[in-house]
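The structure under discussion appears below in the form of structure tokens.
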Amino acid sequence: MKLILDAMGGDNAPLEIIKGAAQAVAEYPDVELILVGIETTIREICEKEKISLERIEIMDAPDVVTMEDSAQTVVMSKKNSSMSIGLRALASGKGEAFISAGNTGALMTGATLLVRCVKGVKRAAIATILPMEKPVLMIDSGSNINVNAEYLMQFGILGSIYMEKVFEIDSPRVGLLNNGTEEHKGTAREVEAYELLKNTSGINFIGNVEGKGIPFGACDVLVTDGFTGNIVLKTIEGLSKFMMKKLKGIFMKNFVNKLSALIIKKEFSTLKKSFDASEYGGAPFLGISKPVFKAHGSSDARAIKNAVRQAREYVVKGVPAIIDERIAASIAENKTKIQANKAAVADEKVEKEVDADGKASARA
């Protein structure tokens, strides 16, 4: 299996990306990587750090997409960037997935325009694993600010497939993020999305989910728009760091507390690890026709290795083909429902006309 990795994307590129690539091929014997970036720089780092390039190919890309670049940069002005060249390599079949820790907006735009969405998918979306006691997939977590009810319904299908196949959860529970659990809660969009999700076959929709229920496993897939989702994601990240800082302060306060910290050191490390988003590596852009993964901008080598693992599992378990199949089935089902509704409306109209004619004849 050959995967493509953007060597120049992210705050710690290219060193940590290269280290992560080496760790990934060492751990997964079936994986080969293509590192896309400035070839001379990559080779210099490998020589200096004594990093082996076994099962790692280098694809030269003289330009870099920065975090400050606009979303259109990757396809407009920086066609020779590592991100652009990597995405085009994926589209042409030179690899089976693309991973980048670079500019999120540019990556989503490039993936949409260069690799394209699955036929029938209205909008691709970033699906992020929230580091809770049990993993929760939130979709969308930042790519689509303005969405309609149909997009939210498709997000539910995409997220359900991912959690079922990659995390092996039978019949993942799909929830709609809202300001109350009652069916009528939220804006007109949420009310309409609720109805669509409730009537979509193939997903286990459990209704509305409030923010307070997220950490306690209220659902396996949390559906929302990218604006709200990104706020939730950043709030959770900040709160996790705040709690870890406060706990550390308590343990370091005095000798007795320090002794207590030593006793529960293993449990504390496990707790800290459970809040670490880098354990899950990357977030897939669900709905793109070929696998594209976004790693956190501050990813270190371990996070990159885990992103490669996620992409590998995505490919091995055939998620893209399943998404094609399920989206096609959903579209066909909706067309059937629409036709049935039109037929029912037409029949009702005929009945009313017949009834009206009958009453007119009776009066005559």
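Residue numbering restarts at 1 in every chain; chains get A, B, ... in the order shown in the structure tokens, and ligands count up from 1 in that same order.
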Practice item. Check the DSSP output for the backbone and give back, as an NGL selection string, the residues of stretch 262-316 of chain A in alpha helix (DSSP H). Key: :A and (262-263 or 265-274 or 301-316)
Practice item. Extract, using only C-alpha atoms, all DNA, RNA and protein residues at most 10 Å from stretch 313-324 of chain A, discarding same-chain residues fewer than 6 positions from it, and format them as number ranges by chain. Key: A: 1, 3, 96-97, 118-121, 157-162, 164-167, 284, 286-293, 307
Exercise for review: Excluding A:Leu33 and residues on its chain fewer than 5 positions from it, collect all residues at most 12 Å away from it, counting only C-alpha atoms, and give them as a VMD selection string.
Suggested key: chain A and resid 1 to 7 17 to 18 20 to 26 28 53 to 59 86 94 to 99 305 308 to 309 311 to 312
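Proximity of A:Gly9, A:Gly110, A:Gly213, A:Gly142 to A:Ala61, computed with only C-alpha atoms, is greatest for A:Gly9.
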Check your understanding: At what distance in Å, to one decimal, does atom CA of A:Glu150 lie from atom CA of A:Met132?
Key ->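 Taking atom CA of A:Met132 and atom CA of A:Glu150, their separation equals 27.9 Å.
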Would you write out, as a tab-separated table, a table of all residues in stretch 291-340 of chain A that have an atom no more than 12 Å from an atom of stretch 181-205 of chain A, listing for each the closest atom pair and the distance in Å to one decimal, considering only C-alpha atoms and ordering rows by chain and rising residue number?
```
residue	atom	partner	partner_atom	distance
A:Ile323	CA	A:Gly202	CA	11.9
A:Glu325	CA	A:Gly202	CA	11.6
A:Arg326	CA	A:Gly202	CA	8.2
A:Ile327	CA	A:Gly202	CA	10.5
A:Ala329	CA	A:Ser201	CA	9.4
A:Ser330	CA	A:Thr200	CA	7.5
A:Ile331	CA	A:Thr200	CA	10.4
A:Ala332	CA	A:Ser201	CA	11.6
A:Glu333	CA	A:Ser201	CA	8.6
A:Asn334	CA	A:Thr200	CA	8.6
A:Lys337	CA	A:Asn199	CA	10.3
```
Hey, can you spit out that residue selection with all heavy atoms as a PDB file, in the first residue's frame?
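So result-v9.pdb came out as:
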```
ATOM      1  N   ILE A 323     -18.808   4.185   1.101  1.00  0.00           N
ATOM      2  CA  ILE A 323     -19.444   5.505   1.019  1.00  0.00           C
ATOM      3  C   ILE A 323     -20.130   5.677  -0.326  1.00  0.00           C
ATOM      4  O   ILE A 323     -21.280   6.131  -0.402  1.00  0.00           O
ATOM      5  CB  ILE A 323     -18.395   6.621   1.247  1.00  0.00           C
ATOM      6  CG1 ILE A 323     -17.993   6.660   2.721  1.00  0.00           C
ATOM      7  CG2 ILE A 323     -18.942   7.985   0.808  1.00  0.00           C
ATOM      8  CD1 ILE A 323     -16.885   7.643   3.034  1.00  0.00           C
ATOM      9  N   GLU A 325     -21.376   3.399  -2.228  1.00  0.00           N
ATOM     10  CA  GLU A 325     -22.554   2.530  -2.241  1.00  0.00           C
ATOM     11  C   GLU A 325     -23.698   3.105  -1.413  1.00  0.00           C
ATOM     12  O   GLU A 325     -24.845   3.165  -1.852  1.00  0.00           O
ATOM     13  CB  GLU A 325     -22.147   1.151  -1.696  1.00  0.00           C
ATOM     14  CG  GLU A 325     -23.258   0.121  -1.661  1.00  0.00           C
ATOM     15  CD  GLU A 325     -22.795  -1.174  -1.009  1.00  0.00           C
ATOM     16  OE1 GLU A 325     -21.607  -1.542  -1.164  1.00  0.00           O
ATOM     17  OE2 GLU A 325     -23.626  -1.806  -0.327  1.00  0.00           O
ATOM     18  N   ARG A 326     -23.380   3.550  -0.188  1.00  0.00           N
ATOM     19  CA  ARG A 326     -24.421   4.051   0.721  1.00  0.00           C
ATOM     20  C   ARG A 326     -25.019   5.370   0.237  1.00  0.00           C
ATOM     21  O   ARG A 326     -26.225   5.590   0.359  1.00  0.00           O
ATOM     22  CB  ARG A 326     -23.838   4.245   2.121  1.00  0.00           C
ATOM     23  CG  ARG A 326     -23.391   2.960   2.806  1.00  0.00           C
ATOM     24  CD  ARG A 326     -24.493   2.354   3.665  1.00  0.00           C
ATOM     25  NE  ARG A 326     -23.949   1.232   4.424  1.00  0.00           N
ATOM     26  CZ  ARG A 326     -23.484   1.345   5.666  1.00  0.00           C
ATOM     27  NH1 ARG A 326     -23.518   2.512   6.274  1.00  0.00           N
ATOM     28  NH2 ARG A 326     -23.007   0.281   6.296  1.00  0.00           N
ATOM     29  N   ILE A 327     -24.177   6.256  -0.284  1.00  0.00           N
ATOM     30  CA  ILE A 327     -24.679   7.549  -0.779  1.00  0.00           C
ATOM     31  C   ILE A 327     -25.583   7.324  -1.989  1.00  0.00           C
ATOM     32  O   ILE A 327     -26.645   7.937  -2.111  1.00  0.00           O
ATOM     33  CB  ILE A 327     -23.520   8.496  -1.141  1.00  0.00           C
ATOM     34  CG1 ILE A 327     -22.804   8.959   0.139  1.00  0.00           C
ATOM     35  CG2 ILE A 327     -24.017   9.694  -1.932  1.00  0.00           C
ATOM     36  CD1 ILE A 327     -23.654   9.802   1.068  1.00  0.00           C
ATOM     37  N   ALA A 329     -27.338   4.654  -2.615  1.00  0.00           N
ATOM     38  CA  ALA A 329     -28.583   4.065  -2.102  1.00  0.00           C
ATOM     39  C   ALA A 329     -29.463   5.134  -1.465  1.00  0.00           C
ATOM     40  O   ALA A 329     -30.693   5.130  -1.631  1.00  0.00           O
ATOM     41  CB  ALA A 329     -28.256   2.971  -1.087  1.00  0.00           C
ATOM     42  N   SER A 330     -28.832   6.070  -0.731  1.00  0.00           N
ATOM     43  CA  SER A 330     -29.583   7.141  -0.079  1.00  0.00           C
ATOM     44  C   SER A 330     -30.245   8.048  -1.106  1.00  0.00           C
ATOM     45  O   SER A 330     -31.409   8.435  -0.952  1.00  0.00           O
ATOM     46  CB  SER A 330     -28.647   7.957   0.811  1.00  0.00           C
ATOM     47  OG  SER A 330     -29.303   9.076   1.348  1.00  0.00           O
ATOM     48  N   ILE A 331     -29.508   8.374  -2.166  1.00  0.00           N
ATOM     49  CA  ILE A 331     -30.056   9.225  -3.229  1.00  0.00           C
ATOM     50  C   ILE A 331     -31.239   8.535  -3.908  1.00  0.00           C
ATOM     51  O   ILE A 331     -32.283   9.154  -4.151  1.00  0.00           O
ATOM     52  CB  ILE A 331     -28.962   9.572  -4.260  1.00  0.00           C
ATOM     53  CG1 ILE A 331     -27.925  10.502  -3.625  1.00  0.00           C
ATOM     54  CG2 ILE A 331     -29.566  10.225  -5.498  1.00  0.00           C
ATOM     55  CD1 ILE A 331     -26.685  10.705  -4.473  1.00  0.00           C
ATOM     56  N   ALA A 332     -31.068   7.244  -4.199  1.00  0.00           N
ATOM     57  CA  ALA A 332     -32.147   6.473  -4.840  1.00  0.00           C
ATOM     58  C   ALA A 332     -33.378   6.408  -3.935  1.00  0.00           C
ATOM     59  O   ALA A 332     -34.519   6.555  -4.390  1.00  0.00           O
ATOM     60  CB  ALA A 332     -31.655   5.064  -5.161  1.00  0.00           C
ATOM     61  N   GLU A 333     -33.128   6.217  -2.633  1.00  0.00           N
ATOM     62  CA  GLU A 333     -34.232   6.145  -1.667  1.00  0.00           C
ATOM     63  C   GLU A 333     -34.981   7.465  -1.590  1.00  0.00           C
ATOM     64  O   GLU A 333     -36.208   7.501  -1.577  1.00  0.00           O
ATOM     65  CB  GLU A 333     -33.679   5.778  -0.290  1.00  0.00           C
ATOM     66  CG  GLU A 333     -34.757   5.643   0.776  1.00  0.00           C
ATOM     67  CD  GLU A 333     -34.164   5.378   2.153  1.00  0.00           C
ATOM     68  OE1 GLU A 333     -32.927   5.234   2.260  1.00  0.00           O
ATOM     69  OE2 GLU A 333     -34.944   5.333   3.114  1.00  0.00           O
ATOM     70  N   ASN A 334     -34.228   8.566  -1.563  1.00  0.00           N
ATOM     71  CA  ASN A 334     -34.859   9.883  -1.494  1.00  0.00           C
ATOM     72  C   ASN A 334     -35.665  10.188  -2.757  1.00  0.00           C
ATOM     73  O   ASN A 334     -36.739  10.784  -2.680  1.00  0.00           O
ATOM     74  CB  ASN A 334     -33.800  10.966  -1.283  1.00  0.00           C
ATOM     75  CG  ASN A 334     -33.260  10.970   0.132  1.00  0.00           C
ATOM     76  OD1 ASN A 334     -33.918  10.510   1.058  1.00  0.00           O
ATOM     77  ND2 ASN A 334     -32.054  11.479   0.313  1.00  0.00           N
ATOM     78  N   LYS A 337     -38.898   8.358  -2.469  1.00  0.00           N
ATOM     79  CA  LYS A 337     -39.789   9.037  -1.523  1.00  0.00           C
ATOM     80  C   LYS A 337     -40.403  10.283  -2.142  1.00  0.00           C
ATOM     81  O   LYS A 337     -41.601  10.556  -1.973  1.00  0.00           O
ATOM     82  CB  LYS A 337     -39.026   9.400  -0.252  1.00  0.00           C
ATOM     83  CG  LYS A 337     -38.713   8.207   0.640  1.00  0.00           C
ATOM     84  CD  LYS A 337     -37.930   8.646   1.871  1.00  0.00           C
ATOM     85  CE  LYS A 337     -37.603   7.453   2.765  1.00  0.00           C
ATOM     86  NZ  LYS A 337     -36.796   7.857   3.952  1.00  0.00           N
TER      87      LYS A 337
END
```
